[in-house]
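Contents: one structure, followed by commentary.
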Amino acid sequence: MHRILTPLTSAVTYSRWLHMFIPAAAASVWFFISDAFWAPLLFAVPIGLIPAMRLEEGIQAQLLLTPSERGRPDASIAAASSSSWAERWRTVLWLEVRLLISAGAILALWLPVASIELVLSAAGRPPGGLAEGLDPHWWNVLLAPLPIVPLLVLVVLGGRLSTAAARWLLGPSPTDRLTVLEGLTEELLERNRMARELHDSIGHALTVAVVQAGAARTANDPAFTERALAAIEETGRDALEDLERVLRVLRESGTPVSRRPTLAEAERLLDSARSSGAKVDARVSGDLGLVPAPVSREGYRILQESLTNVLRHAGPVSVRVTITVVGGRLELEVANPLSGAADLPGSGSGLRGIRERAALLGGKARTESREDEWRVSVSLPLDGIRWSDAVHRSSGR
């Protein structure tokens, strides 16, 4: 019983009933002029062929039939003008179906009237309408609730039938569904990218802080301790800025992403590693200004994660960084010596993130142990690379 009565307590049930009444009201106006019931059905054909009619019907259906889906990109009812003859004819069919369903709404108007007539007949008044023909008796009042039952059935089933028909005839086309799917895929990829970026930034800051704190404790040198605290402060501030920027984007959909660091600002990463005790030998060849912004931003994060791995697994050791722009490619290599006490980087999330970033831009990343060194080598193409192209390629297009 609870399952049967639940739809009667839902607001959408009555908004769907209102949706049924709209064409019924228009048809009623026509019936005052003519008794040709087929005329509204015929008139719906040229109306439905107007492209904007599909947009109007879609907006109305979303508002009254599926209000919970309104504004969602994956809504089951589209709100767009007809873009093909197939969609125009589907709109015509929708109008025809809607007019037929509205006949139930007209019948529903007479059912509560029948209940009122039965109540009045108990006082001796001959009932009219659907109750016409019954003799006036006091017990007719006991029959008054009966018309309410089919009324409720018409309200619930008529609304559900209208919703199903709207989803079938006004729903998005396969092309529209593919476009929505691609949009959701791009959004997911963007969120994954921000998650990787946040991991790289916060991981780097925490690693630098741990290494600096440990070195300051063992050095027992006030001047070194002061420099270590300054480095921890600067690195933490950068990480907080990255954290705030990413959280702002996640909180406010559509908010433009503030400028992210590029390889032109790689020196601050190198200085951070040097302040942690690492001896960094950096060599840059080629014009970094020729590197497209998406490639340069991802290159910065790859360098950041590589230096973080060095500090995390090998400690403050010598690091050789080579950044080269040549032959339409960005070549980046980070190498550090291996020692018996050092942890050999494995296949953790950091190295996986480096490989994913490189693959996203159509490049390659290689990590290997060679000649007593651990090397991270990344090669990224420059020509024709755009972030949107990279996203599409990653989504399998």
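Naming works like this for the structure tokens: A, B, ... for the chains as they're shown, residue 1 at the start of each chain, ligands 1 onward in shown order.
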Would you kindly return, as a ChimeraX atom specification, each protein, DNA or RNA residue with an atom no farther than 8 Å from any atom of range 276-288 of chain A, considering only C-alpha atoms and excluding same-chain residues fewer than 2 positions away?
/A:208,211-212,215,228,231,263-264,270,272-274,290-291,311,315-326
Next, dump the selected residues to file, keeping only C-alpha atoms, as a PDB file, in the first residue's frame.
ATOM      1  CA  VAL A 208      61.507  19.051   1.073  1.00  0.00           C
ATOM      2  CA  VAL A 211      64.615  16.451   4.324  1.00  0.00           C
ATOM      3  CA  GLN A 212      65.281  20.021   5.506  1.00  0.00           C
ATOM      4  CA  ALA A 215      69.316  17.925   7.884  1.00  0.00           C
ATOM      5  CA  ALA A 228      66.353  25.187   6.205  1.00  0.00           C
ATOM      6  CA  ALA A 231      63.288  26.822   2.488  1.00  0.00           C
ATOM      7  CA  LEU A 263      59.599  25.430 -17.252  1.00  0.00           C
ATOM      8  CA  ALA A 264      60.531  29.096 -17.448  1.00  0.00           C
ATOM      9  CA  LEU A 270      66.236  23.694  -8.565  1.00  0.00           C
ATOM     10  CA  SER A 272      64.441  24.279  -3.539  1.00  0.00           C
ATOM     11  CA  ALA A 273      66.368  21.059  -4.180  1.00  0.00           C
ATOM     12  CA  ARG A 274      69.680  22.822  -3.563  1.00  0.00           C
ATOM     13  CA  LEU A 290      59.239  27.828 -28.215  1.00  0.00           C
ATOM     14  CA  VAL A 291      57.675  25.249 -25.916  1.00  0.00           C
ATOM     15  CA  LEU A 311      65.079  13.627  -2.369  1.00  0.00           C
ATOM     16  CA  GLY A 315      68.403  12.036  -0.114  1.00  0.00           C
ATOM     17  CA  PRO A 316      70.594  15.139  -0.691  1.00  0.00           C
ATOM     18  CA  VAL A 317      72.791  13.707  -3.460  1.00  0.00           C
ATOM     19  CA  SER A 318      74.196  15.128  -6.678  1.00  0.00           C
ATOM     20  CA  VAL A 319      71.554  15.589  -9.368  1.00  0.00           C
ATOM     21  CA  ARG A 320      72.080  16.250 -13.052  1.00  0.00           C
ATOM     22  CA  VAL A 321      69.190  18.004 -14.826  1.00  0.00           C
ATOM     23  CA  THR A 322      69.201  18.414 -18.596  1.00  0.00           C
ATOM     24  CA  ILE A 323      66.488  20.333 -20.454  1.00  0.00           C
ATOM     25  CA  THR A 324      66.811  20.461 -24.225  1.00  0.00           C
ATOM     26  CA  VAL A 325      64.570  21.930 -26.927  1.00  0.00           C
ATOM     27  CA  VAL A 326      65.638  20.499 -30.255  1.00  0.00           C
TER      28      VAL A 326
END
Taking only residues of range 76-111 of chain A that have an atom at most 10 Å from an atom of range 11-19 of chain A, what is each one's shortest atom pair and its distance in Å to one decimal, using only C-alpha atoms, in chain and number order, as CSV?
residue,atom,partner,partner_atom,distance
A:Arg98,CA,A:His19,CA,9.2
A:Ser102,CA,A:His19,CA,8.7
A:Gly104,CA,A:Trp17,CA,10.0
A:Ala105,CA,A:Trp17,CA,7.5
A:Ala108,CA,A:Trp17,CA,9.7
Output the selection as an mmCIF file, in the first residue's frame - N, CA and C atoms for each residue.
data_model
loop_
_atom_site.group_PDB
_atom_site.id
_atom_site.type_symbol
_atom_site.label_atom_id
_atom_site.label_comp_id
_atom_site.auth_asym_id
_atom_site.auth_seq_id
_atom_site.Cartn_x
_atom_site.Cartn_y
_atom_site.Cartn_z
ATOM 1 N N ARG A 98 1.148 13.733 -27.305
ATOM 2 C CA ARG A 98 0.795 14.599 -26.183
ATOM 3 C C ARG A 98 -0.680 14.989 -26.224
ATOM 4 N N SER A 102 -3.538 14.058 -23.485
ATOM 5 C CA SER A 102 -4.323 15.125 -22.852
ATOM 6 C C SER A 102 -5.799 14.772 -22.761
ATOM 7 N N GLY A 104 -6.896 12.137 -21.542
ATOM 8 C CA GLY A 104 -7.038 11.623 -20.179
ATOM 9 C C GLY A 104 -7.146 12.746 -19.167
ATOM 10 N N ALA A 105 -6.453 13.864 -19.441
ATOM 11 C CA ALA A 105 -6.555 15.011 -18.536
ATOM 12 C C ALA A 105 -7.951 15.609 -18.560
ATOM 13 N N ALA A 108 -10.064 13.476 -16.582
ATOM 14 C CA ALA A 108 -9.771 13.652 -15.162
ATOM 15 C C ALA A 108 -10.506 14.858 -14.581
#
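For the choices A:Pro222, A:Pro23, A:Gly203, A:Gly214, the atom-to-atom distance to Leu243 in chain A is smallest for A:Gly203 when using only C-alpha atoms.
Atom to atom, CA of Ser76 in chain A and CA of Pro7 in chain A stand 20.2 Å apart.
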Between CA of Asp200 in chain A and CA of Gly362 in chain A, measure the distance and give it in Å to one decimal.
20.4 Å
Using DSSP on the backbone coordinates, identify the residues of range 166-331 of chain A assigned to strand (DSSP E or B); present them as a PyMOL selection string.
chain A and resi 279-285+318-326+329-331
Write to file, as a PDB file, in the first residue's frame, the residues of the selection just made, with N, CA, C and O atoms.
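Result saved to out39.pdb:
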ATOM      1  N   LYS A 279      73.058  18.669  -4.631  1.00  0.00           N
ATOM      2  CA  LYS A 279      73.933  19.419  -5.524  1.00  0.00           C
ATOM      3  C   LYS A 279      73.386  19.274  -6.947  1.00  0.00           C
ATOM      4  O   LYS A 279      73.520  18.216  -7.555  1.00  0.00           O
ATOM      5  N   VAL A 280      72.747  20.319  -7.419  1.00  0.00           N
ATOM      6  CA  VAL A 280      72.040  20.260  -8.693  1.00  0.00           C
ATOM      7  C   VAL A 280      72.879  20.917  -9.781  1.00  0.00           C
ATOM      8  O   VAL A 280      73.274  22.089  -9.662  1.00  0.00           O
ATOM      9  N   ASP A 281      73.150  20.149 -10.819  1.00  0.00           N
ATOM     10  CA  ASP A 281      73.833  20.657 -12.006  1.00  0.00           C
ATOM     11  C   ASP A 281      72.799  20.711 -13.131  1.00  0.00           C
ATOM     12  O   ASP A 281      72.377  19.667 -13.640  1.00  0.00           O
ATOM     13  N   ALA A 282      72.363  21.901 -13.481  1.00  0.00           N
ATOM     14  CA  ALA A 282      71.303  22.058 -14.477  1.00  0.00           C
ATOM     15  C   ALA A 282      71.860  22.627 -15.766  1.00  0.00           C
ATOM     16  O   ALA A 282      72.642  23.587 -15.752  1.00  0.00           O
ATOM     17  N   ARG A 283      71.444  22.046 -16.879  1.00  0.00           N
ATOM     18  CA  ARG A 283      71.857  22.506 -18.195  1.00  0.00           C
ATOM     19  C   ARG A 283      70.610  22.662 -19.071  1.00  0.00           C
ATOM     20  O   ARG A 283      69.845  21.717 -19.224  1.00  0.00           O
ATOM     21  N   VAL A 284      70.451  23.857 -19.600  1.00  0.00           N
ATOM     22  CA  VAL A 284      69.315  24.154 -20.470  1.00  0.00           C
ATOM     23  C   VAL A 284      69.840  24.580 -21.820  1.00  0.00           C
ATOM     24  O   VAL A 284      70.672  25.498 -21.908  1.00  0.00           O
ATOM     25  N   SER A 285      69.368  23.925 -22.864  1.00  0.00           N
ATOM     26  CA  SER A 285      69.773  24.286 -24.227  1.00  0.00           C
ATOM     27  C   SER A 285      68.522  24.408 -25.089  1.00  0.00           C
ATOM     28  O   SER A 285      67.565  23.650 -24.930  1.00  0.00           O
ATOM     29  N   SER A 318      73.969  14.347  -5.464  1.00  0.00           N
ATOM     30  CA  SER A 318      74.196  15.128  -6.678  1.00  0.00           C
ATOM     31  C   SER A 318      73.128  14.774  -7.715  1.00  0.00           C
ATOM     32  O   SER A 318      72.818  13.596  -7.916  1.00  0.00           O
ATOM     33  N   VAL A 319      72.602  15.791  -8.373  1.00  0.00           N
ATOM     34  CA  VAL A 319      71.554  15.589  -9.368  1.00  0.00           C
ATOM     35  C   VAL A 319      71.951  16.324 -10.647  1.00  0.00           C
ATOM     36  O   VAL A 319      72.390  17.482 -10.594  1.00  0.00           O
ATOM     37  N   ARG A 320      71.800  15.636 -11.754  1.00  0.00           N
ATOM     38  CA  ARG A 320      72.080  16.250 -13.052  1.00  0.00           C
ATOM     39  C   ARG A 320      70.755  16.429 -13.797  1.00  0.00           C
ATOM     40  O   ARG A 320      70.045  15.461 -14.054  1.00  0.00           O
ATOM     41  N   VAL A 321      70.431  17.684 -14.125  1.00  0.00           N
ATOM     42  CA  VAL A 321      69.190  18.004 -14.826  1.00  0.00           C
ATOM     43  C   VAL A 321      69.542  18.558 -16.199  1.00  0.00           C
ATOM     44  O   VAL A 321      70.320  19.516 -16.306  1.00  0.00           O
ATOM     45  N   THR A 322      68.964  17.968 -17.227  1.00  0.00           N
ATOM     46  CA  THR A 322      69.201  18.414 -18.596  1.00  0.00           C
ATOM     47  C   THR A 322      67.867  18.703 -19.264  1.00  0.00           C
ATOM     48  O   THR A 322      66.990  17.828 -19.316  1.00  0.00           O
ATOM     49  N   ILE A 323      67.706  19.931 -19.742  1.00  0.00           N
ATOM     50  CA  ILE A 323      66.488  20.333 -20.454  1.00  0.00           C
ATOM     51  C   ILE A 323      66.908  20.814 -21.835  1.00  0.00           C
ATOM     52  O   ILE A 323      67.695  21.762 -21.952  1.00  0.00           O
ATOM     53  N   THR A 324      66.394  20.160 -22.863  1.00  0.00           N
ATOM     54  CA  THR A 324      66.811  20.461 -24.225  1.00  0.00           C
ATOM     55  C   THR A 324      65.593  20.640 -25.120  1.00  0.00           C
ATOM     56  O   THR A 324      64.666  19.824 -25.075  1.00  0.00           O
ATOM     57  N   VAL A 325      65.589  21.705 -25.903  1.00  0.00           N
ATOM     58  CA  VAL A 325      64.570  21.930 -26.927  1.00  0.00           C
ATOM     59  C   VAL A 325      65.247  21.818 -28.275  1.00  0.00           C
ATOM     60  O   VAL A 325      66.033  22.688 -28.663  1.00  0.00           O
ATOM     61  N   VAL A 326      64.960  20.740 -28.988  1.00  0.00           N
ATOM     62  CA  VAL A 326      65.638  20.499 -30.255  1.00  0.00           C
ATOM     63  C   VAL A 326      64.759  19.603 -31.126  1.00  0.00           C
ATOM     64  O   VAL A 326      64.071  18.708 -30.633  1.00  0.00           O
ATOM     65  N   ARG A 329      61.051  18.839 -30.299  1.00  0.00           N
ATOM     66  CA  ARG A 329      60.748  18.045 -29.118  1.00  0.00           C
ATOM     67  C   ARG A 329      61.382  18.687 -27.892  1.00  0.00           C
ATOM     68  O   ARG A 329      62.394  19.403 -27.984  1.00  0.00           O
ATOM     69  N   LEU A 330      60.782  18.416 -26.742  1.00  0.00           N
ATOM     70  CA  LEU A 330      61.346  18.799 -25.459  1.00  0.00           C
ATOM     71  C   LEU A 330      61.902  17.537 -24.811  1.00  0.00           C
ATOM     72  O   LEU A 330      61.169  16.572 -24.566  1.00  0.00           O
ATOM     73  N   GLU A 331      63.216  17.559 -24.576  1.00  0.00           N
ATOM     74  CA  GLU A 331      63.876  16.424 -23.936  1.00  0.00           C
ATOM     75  C   GLU A 331      64.251  16.840 -22.514  1.00  0.00           C
ATOM     76  O   GLU A 331      64.903  17.868 -22.313  1.00  0.00           O
TER      77      GLU A 331
END
Using only C-alpha atoms, which residue out of A:Leu154, A:Leu93, A:Ala80, A:Ala359 lies closest to Val45 in chain A?
A:Leu93
Those of range 188-370 of chain A in DSSP helix (DSSP H, G or I), formatted as a ChimeraX atom specification:
/A:188-219,222-251,263-275,288-290,293-313,349-360
Near-Phe43 in chain A list (10 Å; only C-alpha atoms; drop same-chain fewer than 3 positions) as a count of residues only:
9
Between CA of Leu109 in chain A and CA of Ser121 in chain A - distance in Å to one decimal
19.1 Å
Of the listed residues A:Leu198, A:Ala103, A:Leu142, A:Leu64, that which approaches Ala166 in chain A most closely, counting only C-alpha atoms:
A:Leu64
